[in-house]
file structure_16.cif (mmCIF, C-alpha atoms)
data_data
loop_
_atom_site.label_atom_id
_atom_site.label_comp_id
_atom_site.auth_asym_id
_atom_site.auth_seq_id
_atom_site.Cartn_x
_atom_site.Cartn_y
_atom_site.Cartn_z
CA MET N 1 19.08 10.24 -35.46
CA ARG N 2 21.44 7.42 -34.55
CA LYS N 3 20.19 3.89 -34.91
CA MET N 4 20.73 0.71 -32.94
CA LEU N 5 20.42 -2.91 -34.00
CA PHE N 6 18.84 -5.41 -31.61
CA GLU N 7 19.53 -9.09 -32.29
CA LEU N 8 17.62 -11.60 -30.20
CA ASN N 9 18.23 -15.24 -30.92
CA GLY N 10 18.42 -14.73 -34.68
CA ALA N 11 15.72 -12.06 -34.99
CA LYS N 12 16.62 -8.44 -35.68
CA ALA N 13 14.97 -5.10 -35.00
CA VAL N 14 16.08 -1.53 -35.54
CA ALA N 15 15.56 1.34 -33.12
CA GLU N 16 16.13 5.04 -33.47
CA MET N 17 17.56 7.06 -30.62
CA HIS N 18 15.86 10.18 -29.31
CA ASP N 19 18.95 12.31 -29.71
CA ASP N 20 16.88 15.46 -29.85
CA VAL N 21 15.08 14.81 -26.56
CA VAL N 22 17.64 13.05 -24.34
CA PRO N 23 21.04 13.67 -25.96
CA LYS N 24 23.16 12.93 -22.90
CA THR N 25 21.53 9.59 -22.28
CA CYS N 26 21.86 8.67 -25.95
CA ASP N 27 25.53 9.62 -25.93
CA ALA N 28 26.20 7.50 -22.88
CA VAL N 29 24.38 4.50 -24.32
CA TRP N 30 26.06 4.88 -27.69
CA LYS N 31 29.46 4.89 -26.03
CA ILE N 32 29.01 1.47 -24.41
CA LEU N 33 27.69 -0.26 -27.54
CA PRO N 34 27.87 -3.05 -28.39
CA VAL N 35 26.46 -4.72 -25.32
CA GLU N 36 25.23 -8.27 -25.04
CA GLY N 37 23.92 -10.61 -22.45
CA MET N 38 21.12 -12.94 -21.52
CA SER N 39 17.85 -11.08 -21.69
CA ILE N 40 15.27 -11.78 -19.02
CA HIS N 41 11.52 -11.30 -19.11
CA ALA N 42 9.88 -8.80 -16.81
CA ASN N 43 7.69 -10.09 -14.00
CA TRP N 44 5.74 -6.92 -13.25
CA ALA N 45 5.75 -4.75 -16.36
CA SER N 46 4.09 -7.25 -18.70
CA ARG N 47 5.44 -7.20 -22.28
CA GLU N 48 8.95 -6.17 -21.46
CA ILE N 49 12.32 -7.85 -21.71
CA MET N 50 15.40 -6.53 -20.00
CA LEU N 51 19.09 -6.54 -20.72
CA HIS N 52 21.05 -5.95 -17.56
CA LEU N 53 24.18 -3.88 -17.92
CA GLN N 54 27.07 -5.39 -16.04
CA GLY N 55 30.70 -4.71 -15.21
CA GLU N 56 32.21 -1.90 -17.28
CA LYS N 57 28.94 -1.47 -19.14
CA ILE N 58 26.94 -0.34 -16.12
CA LEU N 59 25.50 3.12 -16.64
CA ARG N 60 24.61 5.41 -13.76
CA LEU N 61 22.93 8.32 -15.49
CA PRO N 62 20.91 11.20 -14.07
CA PRO N 63 17.31 11.76 -15.14
CA GLU N 64 16.90 13.53 -18.48
CA GLY N 65 13.96 14.65 -20.55
CA PRO N 66 10.26 14.59 -19.76
CA VAL N 67 8.91 12.49 -16.93
CA ARG N 68 6.89 9.70 -18.52
CA ARG N 69 4.54 7.60 -16.51
CA THR N 70 3.54 5.19 -19.24
CA THR N 71 5.24 3.17 -21.93
CA ALA N 72 4.12 2.12 -25.38
CA PRO N 73 5.00 -0.91 -27.47
CA GLY N 74 8.38 -0.36 -29.09
CA ASP N 75 9.72 1.92 -26.38
CA ILE N 76 13.24 1.33 -25.11
CA VAL N 77 13.98 2.75 -21.70
CA TYR N 78 17.19 3.21 -19.80
CA PHE N 79 16.44 2.20 -16.22
CA TRP N 80 18.55 2.52 -13.13
CA ARG N 81 17.56 1.69 -9.61
CA SER N 82 19.54 2.41 -6.49
CA PRO N 83 20.81 -0.57 -4.49
CA GLN N 84 18.60 0.29 -1.52
CA MET N 85 15.44 -0.06 -3.59
CA SER N 86 15.80 -3.83 -3.75
CA ARG N 87 16.51 -6.15 -0.89
CA GLY N 88 18.42 -8.37 -3.28
CA LYS N 89 16.93 -11.48 -1.83
CA GLN N 90 15.40 -12.99 -4.89
CA LEU N 91 17.42 -15.23 -7.11
CA ALA N 92 16.70 -12.91 -9.99
CA TYR N 93 18.28 -10.01 -8.22
CA SER N 94 21.18 -11.74 -6.61
CA SER N 95 22.55 -13.67 -9.53
CA GLN N 96 22.00 -11.21 -12.33
CA PHE N 97 22.56 -7.74 -11.07
CA GLN N 98 22.92 -7.81 -7.34
CA ARG N 99 20.94 -5.08 -5.66
CA GLU N 100 21.71 -2.28 -8.06
CA LEU N 101 19.92 -2.40 -11.36
CA SER N 102 21.10 -0.80 -14.61
CA GLU N 103 19.36 -2.00 -17.71
CA PHE N 104 17.78 -1.50 -21.09
CA ALA N 105 14.05 -2.15 -20.84
CA VAL N 106 12.51 -3.18 -24.15
CA PHE N 107 8.72 -2.91 -24.29
CA TYR N 108 7.58 -5.21 -27.05
CA GLY N 109 3.82 -5.28 -26.56
CA ASP N 110 0.92 -3.74 -24.77
CA PRO N 111 2.00 -2.85 -21.26
CA ALA N 112 -0.22 -3.77 -18.34
CA ALA N 113 -2.71 -1.06 -17.45
CA GLY N 114 -1.43 1.14 -20.24
CA GLY N 115 2.02 1.10 -18.76
CA LEU N 116 1.00 2.33 -15.35
CA ALA N 117 1.59 -1.04 -13.80
CA ALA N 118 5.23 -0.79 -14.74
CA ASP N 119 5.41 2.41 -12.76
CA ASP N 120 3.96 1.08 -9.57
CA PRO N 121 3.87 3.85 -6.97
CA ALA N 122 4.65 1.32 -4.28
CA ARG N 123 7.94 0.61 -5.95
CA GLU N 124 8.51 4.11 -7.20
CA GLY N 125 11.86 5.59 -6.35
CA ARG N 126 11.88 8.55 -8.65
CA THR N 127 10.79 11.12 -6.13
CA ALA N 128 13.63 10.18 -3.84
CA ASN N 129 16.18 10.04 -6.66
CA LEU N 130 16.45 6.33 -6.21
CA GLN N 131 15.30 5.45 -9.68
CA VAL N 132 15.89 6.76 -13.19
CA SER N 133 13.70 5.87 -16.12
CA THR N 134 14.51 7.54 -19.43
CA LEU N 135 12.91 6.76 -22.76
CA PHE N 136 15.87 7.02 -25.11
CA ALA N 137 14.91 5.06 -28.23
CA THR N 138 11.97 3.58 -30.08
CA PHE N 139 11.86 0.77 -32.59
CA ILE N 140 11.30 1.86 -36.18
CA ASP N 141 11.57 -1.64 -37.64
CA LEU N 142 10.11 -4.26 -35.33
CA PRO N 143 9.38 -7.48 -37.21
CA ARG N 144 6.90 -9.96 -35.81
CA GLU N 145 9.69 -12.53 -35.53
CA PHE N 146 11.48 -10.30 -33.02
CA LEU N 147 8.29 -9.92 -30.97
CA GLN N 148 7.88 -13.67 -30.93
CA ARG N 149 11.42 -14.13 -29.68
CA CYS N 150 10.65 -11.73 -26.84
CA GLU N 151 7.55 -13.70 -25.89
CA GLU N 152 9.48 -16.97 -26.13
CA ILE N 153 11.67 -15.96 -23.22
CA ARG N 154 8.64 -16.69 -21.03
CA HIS N 155 8.38 -20.18 -22.43
CA LYS N 156 12.00 -21.17 -23.00
CA GLY N 157 13.96 -19.08 -20.53
CA LEU N 158 16.74 -16.56 -21.00
CA GLN N 159 17.87 -15.66 -24.53
CA ARG N 160 20.97 -13.88 -25.78
CA LEU N 161 20.41 -10.27 -26.84
CA VAL N 162 23.01 -8.17 -28.65
CA VAL N 163 22.60 -4.41 -29.02
CA SER N 164 25.00 -2.68 -31.40
CA ARG N 165 25.43 0.51 -33.36
CA LEU N 166 23.85 0.60 -36.79
CA GLU N 167 25.96 2.85 -38.97
CA GLY N 168 26.17 3.63 -42.63
CA MET B 1 -10.37 -31.17 8.59
CA ALA B 2 -9.62 -29.39 5.32
CA ARG B 3 -8.99 -31.37 2.21
CA LYS B 4 -5.46 -31.14 0.90
CA ILE B 5 -3.93 -30.95 -2.54
CA ARG B 6 -0.40 -31.59 -3.71
CA ILE B 7 1.15 -29.27 -6.29
CA SER B 8 4.35 -30.42 -7.91
CA PHE B 9 6.75 -29.93 -10.77
CA PRO B 10 7.48 -33.54 -11.74
CA GLY B 11 10.51 -32.50 -13.77
CA ASP B 12 12.14 -30.89 -10.74
CA GLY B 13 11.00 -33.13 -7.95
CA ALA B 14 9.65 -30.04 -6.18
CA SER B 15 6.30 -30.34 -4.46
CA ALA B 16 4.19 -28.67 -1.79
CA THR B 17 1.00 -29.47 0.03
CA ALA B 18 -1.84 -26.99 0.33
CA ASP B 19 -5.01 -26.88 2.42
CA LEU B 20 -8.23 -26.06 0.64
CA LEU B 21 -10.00 -23.02 2.10
CA GLU B 22 -13.35 -24.70 2.19
CA ASP B 23 -14.97 -22.20 4.52
CA ASP B 24 -14.06 -19.25 2.34
CA ALA B 25 -14.54 -20.78 -1.09
CA PRO B 26 -16.60 -23.97 -0.77
CA ASN B 27 -17.95 -24.03 -4.32
CA THR B 28 -14.57 -23.34 -5.86
CA CYS B 29 -12.93 -26.03 -3.74
CA ASP B 30 -15.58 -28.56 -4.71
CA ALA B 31 -15.37 -27.71 -8.40
CA LEU B 32 -11.59 -27.86 -8.60
CA TRP B 33 -11.40 -30.98 -6.41
CA GLY B 34 -13.63 -32.65 -8.94
CA LEU B 35 -11.18 -31.88 -11.73
CA LEU B 36 -8.16 -33.43 -10.04
CA PRO B 37 -5.68 -34.66 -10.99
CA LEU B 38 -4.76 -31.82 -13.33
CA ARG B 39 -1.69 -31.86 -15.53
CA LEU B 40 -1.03 -28.32 -16.67
CA LYS B 41 1.66 -26.16 -18.16
CA ALA B 42 2.85 -23.54 -15.70
CA ILE B 43 4.34 -20.24 -16.79
CA HIS B 44 5.74 -17.35 -14.84
CA ASP B 45 3.49 -14.34 -14.57
CA ILE B 46 4.64 -11.10 -16.19
CA TRP B 47 2.29 -8.63 -14.54
CA SER B 48 2.09 -9.53 -10.91
CA GLY B 49 5.50 -10.26 -9.46
CA HIS B 50 6.35 -13.53 -7.75
CA GLN B 51 3.61 -15.65 -9.11
CA VAL B 52 3.24 -18.53 -11.54
CA LEU B 53 0.05 -19.47 -13.30
CA ALA B 54 -1.39 -22.39 -15.19
CA HIS B 55 -4.18 -22.09 -17.71
CA LEU B 56 -7.20 -24.28 -17.29
CA ASP B 57 -9.54 -25.22 -20.05
CA ASN B 58 -11.63 -22.12 -20.63
CA LYS B 59 -14.74 -24.18 -19.98
CA VAL B 60 -13.80 -24.20 -16.30
CA VAL B 61 -15.78 -21.07 -15.58
CA LEU B 62 -16.68 -20.90 -11.90
CA GLU B 63 -19.14 -18.54 -10.32
CA PRO B 64 -17.42 -15.66 -8.54
CA GLU B 65 -16.68 -16.57 -4.95
CA ASN B 66 -14.32 -15.14 -2.37
CA VAL B 67 -13.07 -12.63 -4.93
CA LEU B 68 -11.55 -10.43 -2.28
CA THR B 69 -7.83 -10.80 -2.35
CA TYR B 70 -5.81 -8.01 -3.90
CA LEU B 71 -2.67 -8.58 -1.87
CA PRO B 72 -1.93 -12.29 -1.51
CA ILE B 73 0.83 -13.69 0.63
CA PRO B 74 3.36 -16.38 -0.26
CA GLY B 75 1.70 -19.76 -0.52
CA ASP B 76 -1.67 -18.45 -1.61
CA ILE B 77 -3.32 -20.31 -4.48
CA PHE B 78 -6.18 -18.73 -6.37
CA TYR B 79 -8.58 -19.19 -9.22
CA TYR B 80 -9.00 -16.38 -11.74
CA TYR B 81 -11.25 -16.02 -14.72
CA ARG B 82 -11.16 -13.35 -17.41
CA PRO B 83 -14.10 -13.33 -19.81
CA PRO B 84 -13.87 -12.94 -23.58
CA ASN B 85 -13.50 -9.38 -24.82
CA TYR B 86 -12.08 -8.23 -21.51
CA PHE B 87 -8.75 -7.87 -23.21
CA ARG B 88 -7.95 -8.25 -26.84
CA GLY B 89 -5.38 -10.95 -26.20
CA GLU B 90 -3.76 -11.02 -29.59
CA PRO B 91 -1.05 -11.24 -30.61
CA TYR B 92 0.25 -12.75 -27.38
CA GLY B 93 -2.11 -13.29 -24.56
CA ARG B 94 -5.40 -15.08 -24.23
CA SER B 95 -8.56 -13.11 -24.51
CA GLU B 96 -10.57 -15.46 -22.32
CA SER B 97 -8.64 -17.15 -19.57
CA ALA B 98 -9.39 -19.45 -16.67
CA GLU B 99 -6.34 -20.07 -14.59
CA ILE B 100 -4.82 -21.11 -11.31
CA GLY B 101 -2.25 -18.79 -9.78
CA ILE B 102 0.35 -19.67 -7.18
CA VAL B 103 2.05 -16.92 -5.20
CA TYR B 104 5.50 -17.93 -4.07
CA GLU B 105 7.05 -14.78 -2.62
CA ARG B 106 6.15 -11.44 -1.05
CA ASP B 107 5.65 -8.23 -3.03
CA THR B 108 3.16 -9.83 -5.36
CA ARG B 109 -0.03 -8.21 -6.56
CA PRO B 110 -2.20 -10.02 -9.09
CA GLN B 111 -2.68 -7.85 -12.13
CA GLY B 112 -4.31 -8.33 -15.45
CA PRO B 113 -3.98 -6.28 -18.59
CA ARG B 114 -6.21 -3.64 -16.99
CA GLY B 115 -4.36 -3.37 -13.73
CA PRO B 116 -4.79 -4.87 -10.25
CA GLU B 117 -7.30 -7.68 -9.95
CA ALA B 118 -8.99 -9.32 -6.98
CA VAL B 119 -8.68 -13.09 -7.12
CA ASN B 120 -10.56 -16.03 -5.68
CA LEU B 121 -8.33 -17.48 -2.99
CA PHE B 122 -9.14 -21.17 -2.51
CA ALA B 123 -6.02 -22.83 -1.08
CA SER B 124 -2.93 -22.08 0.94
CA ILE B 125 0.34 -23.99 0.97
CA SER B 126 0.87 -25.61 4.35
CA SER B 127 4.15 -27.45 3.76
CA GLY B 128 6.99 -27.50 1.26
CA ARG B 129 6.67 -23.85 0.26
CA GLU B 130 10.34 -22.96 0.35
CA GLN B 131 11.46 -25.68 -2.02
CA PHE B 132 8.48 -25.08 -4.27
CA ALA B 133 9.19 -21.34 -4.36
CA LYS B 134 12.70 -21.94 -5.67
CA ALA B 135 11.31 -24.08 -8.45
CA CYS B 136 8.83 -21.33 -9.29
CA GLU B 137 11.46 -18.63 -9.45
CA ASP B 138 13.63 -20.88 -11.57
CA MET B 139 11.01 -20.51 -14.30
CA ILE B 140 12.19 -16.94 -14.88
CA TYR B 141 15.40 -18.44 -16.21
CA ARG B 142 14.27 -21.71 -17.71
CA GLY B 143 10.76 -21.04 -18.91
CA GLN B 144 7.66 -23.17 -18.59
CA LYS B 145 7.31 -26.32 -16.50
CA ASP B 146 4.82 -29.14 -16.23
CA LEU B 147 2.64 -28.74 -13.17
CA LEU B 148 0.71 -31.54 -11.50
CA ILE B 149 -2.12 -30.84 -9.05
CA GLU B 150 -3.58 -33.85 -7.31
CA ARG B 151 -5.63 -34.85 -4.30
CA VAL B 152 -4.00 -35.84 -1.03
CA GLU B 153 -6.19 -38.55 0.41
#
call {"tool": "encode", "arguments": {"input": "structure_16.cif", "output": "structure tokens"}}
result
Amino acid sequence: MRKMLFELNGAKAVAEMHDDVVPKTCDAVWKILPVEGMSIHANWASREIMLHLQGEKILRLPPEGPVRRTTAPGDIVYFWRSPQMSRGKQLAYSSQFQRELSEFAVFYGDPAAGGLAADDPAREGRTANLQVSTLFATFIDLPREFLQRCEEIRHKGLQRLVVSRLEG
Amino acid sequence: MARKIRISFPGDGASATADLLEDDAPNTCDALWGLLPLRLKAIHDIWSGHQVLAHLDNKVVLEPENVLTYLPIPGDIFYYYRPPNYFRGEPYGRSESAEIGIVYERDTRPQGPRGPEAVNLFASISSGREQFAKACEDMIYRGQKDLLIERVE
């Protein structure tokens, strides 16, 4: 399985792709690496940070693999949401990714309500093909320092995250 | 006439005035009024949407009152208490938690680690909400802020 390196403000973690389960998504992600940007903390999904894909790095991928309704600590999800799912009013939506959302979602701790809160039916767009959520990688080396850096985004604000291929 | 409180971020110059909901939550209003002024550290919520919260000393355990609101509206201010052992807390969160939550935008639903929670609504912002909301949302990008809650007399 291919591996990715996540570097967040000096802390590193290694994830393994699920090439055997979602090969097309993994290929597409692999192709755009490295990607970097200011990671932002989730406001609904609890222990999750997000890296928004922008410009040439935006991915618009179809659903692939099993439908998962929960997440677990260490999961990394490709997430896309159609522009019409968000009114784009909030500062968070307008300045970072406009109305369309394409991102890596990194779940670093226990998700709210076992992950169900992150998949709020009221905001669910999957059934109308307005939202794609694909688990494509999971951390295999997730040091406590990296987890702390994730949490610190809540306290200190946005932090730079770099995701790159780990080869050799 | 309802008593009023001022909530402000001294570092930003942003402030709003809220009316206490003394008919709905008289005991909560009395108890919190007695604690003012409060200087707290506010942090953006990560479960509930457009909401910031500030932890009180865990000794501020109020009897349940007006614990009805699942779907607050912008400007709502609530008290919430989570007892020990309700959630394991470590390595990040608090196990026991007494806190004040401020809802600054629509599409917010208070949630704890176990899912949606009803909260004790005790105040509602009556002026200055728009400016205060921007300062709340700014916390997504800049992190925590000092929060001052004081009486308006």
call {"tool": "atom_distance", "arguments": {"input": "structure_16.cif", "atom1": "CA of His55 in chain B", "atom2": "CA of Leu38 in chain B"}}
result
10.7 Å
call {"tool": "residues_around", "arguments": {"input": "structure_16.cif", "residues": "Ile76 in chain N", "least_positions_apart": "6", "cutoff": "9 Å", "atoms": "only C-alpha atoms", "output": "MDAnalysis selection string"}}
result
chainID N and resid 15 104:108 134:139
call {"tool": "interface_residues", "arguments": {"input": "structure_16.cif", "of": "chain B", "to": "chain N", "cutoff": "7 Å", "atoms": "all atoms listed in the file", "output": "list in words"}}
result
Ile43, His44, Asp45, Ile46, Trp47, Ser48, Gly49, Gly112, Pro113, Arg114, Gly115, Ile140, Tyr141, Arg142, Gly143 and Gln144 of chain B
call {"tool": "write_last_selection", "arguments": {"input": "structure_16.cif", "atoms": "C-alpha atoms", "output": "short mmCIF file (atom, residue, chain, number, x, y, z; two decimals), keeping the file's coordinate frame"}}
result
data_model
loop_
_atom_site.label_atom_id
_atom_site.label_comp_id
_atom_site.auth_asym_id
_atom_site.auth_seq_id
_atom_site.Cartn_x
_atom_site.Cartn_y
_atom_site.Cartn_z
CA ILE B 43 4.34 -20.24 -16.79
CA HIS B 44 5.74 -17.35 -14.84
CA ASP B 45 3.49 -14.34 -14.57
CA ILE B 46 4.64 -11.10 -16.19
CA TRP B 47 2.29 -8.63 -14.54
CA SER B 48 2.09 -9.53 -10.91
CA GLY B 49 5.50 -10.26 -9.46
CA GLY B 112 -4.31 -8.33 -15.45
CA PRO B 113 -3.98 -6.28 -18.59
CA ARG B 114 -6.21 -3.64 -16.99
CA GLY B 115 -4.36 -3.37 -13.73
CA ILE B 140 12.19 -16.94 -14.88
CA TYR B 141 15.40 -18.44 -16.21
CA ARG B 142 14.27 -21.71 -17.71
CA GLY B 143 10.76 -21.04 -18.91
CA GLN B 144 7.66 -23.17 -18.59
#
call {"tool": "resolve_selection", "arguments": {"input": "structure_16.cif", "expression": "the PyMOL selection byres ((chain B and resi 53) around 9)", "output": "PyMOL selection string"}}
result
chain B and resi 41-45+51-52+54-55+99-103
call {"tool": "resolve_selection", "arguments": {"input": "structure_16.cif", "expression": "the PyMOL selection byres ((chain B and resi 72) around 9)", "output": "ChimeraX atom specification"}}
result
/B:69-71,73-77,103,106-110,119,121
call {"tool": "resolve_selection", "arguments": {"input": "structure_16.cif", "expression": "the PyMOL selection byres ((chain N and resi 33) around 9)", "output": "VMD selection string"}}
result
chain N and resid 4 29 to 32 34 to 36 57 163 to 165
call {"tool": "atom_distance", "arguments": {"input": "structure_16.cif", "atom1": "CA of Glu150 in chain B", "atom2": "CA of Asp57 in chain B"}}
result
16.5 Å
call {"tool": "atom_distance", "arguments": {"input": "structure_16.cif", "atom1": "CA of Phe6 in chain N", "atom2": "CA of Pro66 in chain N"}}
result
24.8 Å
call {"tool": "closest_residue", "arguments": {"input": "structure_16.cif", "among": "N:Leu8, N:Asp20, N:Glu103, N:Val132", "to": "Pro63 in chain N", "atoms": "all atoms listed in the file"}}
result
N:Val132
call {"tool": "axis_aligned_box", "arguments": {"input": "structure_16.cif", "around": "range 130-139 of chain N", "padding_each_side": "4 Å", "output": "JSON"}}
result
{"center_x": 14.2, "center_y": 4.2, "center_z": -19.4, "size_x": 12.6, "size_y": 14.8, "size_z": 34.4}
call {"tool": "residues_around", "arguments": {"input": "structure_16.cif", "residues": "Phe122 in chain B", "least_positions_apart": "3", "cutoff": "6 Å", "atoms": "all atoms listed in the file", "output": "VMD selection string"}}
result
chain B and resid 20 to 21 25 78
call {"tool": "decode", "arguments": {"input": "structure_16.cif", "residues": "range 49-77 of chain B", "atoms": "N, CA and C atoms", "output": "mmCIF file, in the first residue's frame"}}
result
data_model
loop_
_atom_site.group_PDB
_atom_site.id
_atom_site.type_symbol
_atom_site.label_atom_id
_atom_site.label_comp_id
_atom_site.auth_asym_id
_atom_site.auth_seq_id
_atom_site.Cartn_x
_atom_site.Cartn_y
_atom_site.Cartn_z
ATOM 1 N N GLY B 49 -21.502 23.554 15.436
ATOM 2 C CA GLY B 49 -21.690 24.554 14.399
ATOM 3 C C GLY B 49 -21.230 25.923 14.837
ATOM 4 N N HIS B 50 -22.115 26.909 14.669
ATOM 5 C CA HIS B 50 -21.729 28.313 14.883
ATOM 6 C C HIS B 50 -21.941 28.705 16.335
ATOM 7 N N GLN B 51 -21.056 28.279 17.131
ATOM 8 C CA GLN B 51 -21.219 28.443 18.569
ATOM 9 C C GLN B 51 -19.840 28.528 19.221
ATOM 10 N N VAL B 52 -19.695 29.452 20.169
ATOM 11 C CA VAL B 52 -18.484 29.484 20.978
ATOM 12 C C VAL B 52 -18.880 29.142 22.414
ATOM 13 N N LEU B 53 -17.918 28.683 23.159
ATOM 14 C CA LEU B 53 -18.211 28.323 24.546
ATOM 15 C C LEU B 53 -17.064 28.757 25.445
ATOM 16 N N ALA B 54 -17.405 28.908 26.706
ATOM 17 C CA ALA B 54 -16.411 29.282 27.709
ATOM 18 C C ALA B 54 -16.642 28.412 28.938
ATOM 19 N N HIS B 55 -15.582 27.779 29.382
ATOM 20 C CA HIS B 55 -15.702 26.883 30.534
ATOM 21 C C HIS B 55 -15.755 27.681 31.829
ATOM 22 N N LEU B 56 -16.707 27.308 32.648
ATOM 23 C CA LEU B 56 -16.782 27.845 34.000
ATOM 24 C C LEU B 56 -16.031 26.909 34.930
ATOM 25 N N ASP B 57 -15.779 27.384 36.121
ATOM 26 C CA ASP B 57 -15.275 26.486 37.145
ATOM 27 C C ASP B 57 -16.287 25.347 37.307
ATOM 28 N N ASN B 58 -15.782 24.132 37.376
ATOM 29 C CA ASN B 58 -16.699 22.993 37.452
ATOM 30 C C ASN B 58 -17.546 22.973 38.722
ATOM 31 N N LYS B 59 -17.214 23.850 39.662
ATOM 32 C CA LYS B 59 -18.056 23.928 40.866
ATOM 33 C C LYS B 59 -19.365 24.661 40.591
ATOM 34 N N VAL B 60 -19.437 25.321 39.455
ATOM 35 C CA VAL B 60 -20.671 26.036 39.102
ATOM 36 C C VAL B 60 -21.658 25.028 38.508
ATOM 37 N N VAL B 61 -22.188 24.211 39.375
ATOM 38 C CA VAL B 61 -23.146 23.188 38.956
ATOM 39 C C VAL B 61 -24.545 23.657 39.342
ATOM 40 N N LEU B 62 -25.328 23.998 38.362
ATOM 41 C CA LEU B 62 -26.674 24.521 38.613
ATOM 42 C C LEU B 62 -27.704 23.413 38.427
ATOM 43 N N GLU B 63 -28.753 23.508 39.176
ATOM 44 C CA GLU B 63 -29.846 22.550 39.017
ATOM 45 C C GLU B 63 -30.436 22.681 37.614
ATOM 46 N N PRO B 64 -30.806 21.567 37.008
ATOM 47 C CA PRO B 64 -31.410 21.655 35.670
ATOM 48 C C PRO B 64 -32.625 22.577 35.672
ATOM 49 N N GLU B 65 -32.671 23.418 34.657
ATOM 50 C CA GLU B 65 -33.782 24.368 34.541
ATOM 51 C C GLU B 65 -33.894 24.793 33.080
ATOM 52 N N ASN B 66 -35.058 24.797 32.568
ATOM 53 C CA ASN B 66 -35.275 25.245 31.192
ATOM 54 C C ASN B 66 -34.394 24.486 30.194
ATOM 55 N N VAL B 67 -34.192 23.199 30.475
ATOM 56 C CA VAL B 67 -33.327 22.404 29.592
ATOM 57 C C VAL B 67 -34.182 21.856 28.456
ATOM 58 N N LEU B 68 -34.529 22.742 27.550
ATOM 59 C CA LEU B 68 -35.503 22.416 26.517
ATOM 60 C C LEU B 68 -34.981 22.645 25.102
ATOM 61 N N THR B 69 -33.956 23.426 25.004
ATOM 62 C CA THR B 69 -33.617 23.937 23.677
ATOM 63 C C THR B 69 -32.616 23.043 22.948
ATOM 64 N N TYR B 70 -33.102 22.410 21.909
ATOM 65 C CA TYR B 70 -32.237 21.613 21.033
ATOM 66 C C TYR B 70 -31.772 22.429 19.825
ATOM 67 N N LEU B 71 -32.601 23.354 19.417
ATOM 68 C CA LEU B 71 -32.299 24.108 18.199
ATOM 69 C C LEU B 71 -32.301 25.601 18.509
ATOM 70 N N PRO B 72 -31.197 26.115 19.013
ATOM 71 C CA PRO B 72 -31.133 27.534 19.357
ATOM 72 C C PRO B 72 -31.070 28.403 18.104
ATOM 73 N N ILE B 73 -31.308 29.661 18.313
ATOM 74 C CA ILE B 73 -31.215 30.621 17.214
ATOM 75 C C ILE B 73 -30.055 31.578 17.511
ATOM 76 N N PRO B 74 -29.600 32.301 16.499
ATOM 77 C CA PRO B 74 -28.477 33.220 16.732
ATOM 78 C C PRO B 74 -28.785 34.213 17.852
ATOM 79 N N GLY B 75 -27.831 34.371 18.736
ATOM 80 C CA GLY B 75 -28.001 35.273 19.867
ATOM 81 C C GLY B 75 -28.368 34.569 21.149
ATOM 82 N N ASP B 76 -28.717 33.299 21.064
ATOM 83 C CA ASP B 76 -29.054 32.548 22.273
ATOM 84 C C ASP B 76 -27.799 32.277 23.112
ATOM 85 N N ILE B 77 -27.963 32.383 24.403
ATOM 86 C CA ILE B 77 -26.862 32.119 25.341
ATOM 87 C C ILE B 77 -27.373 31.090 26.349
#
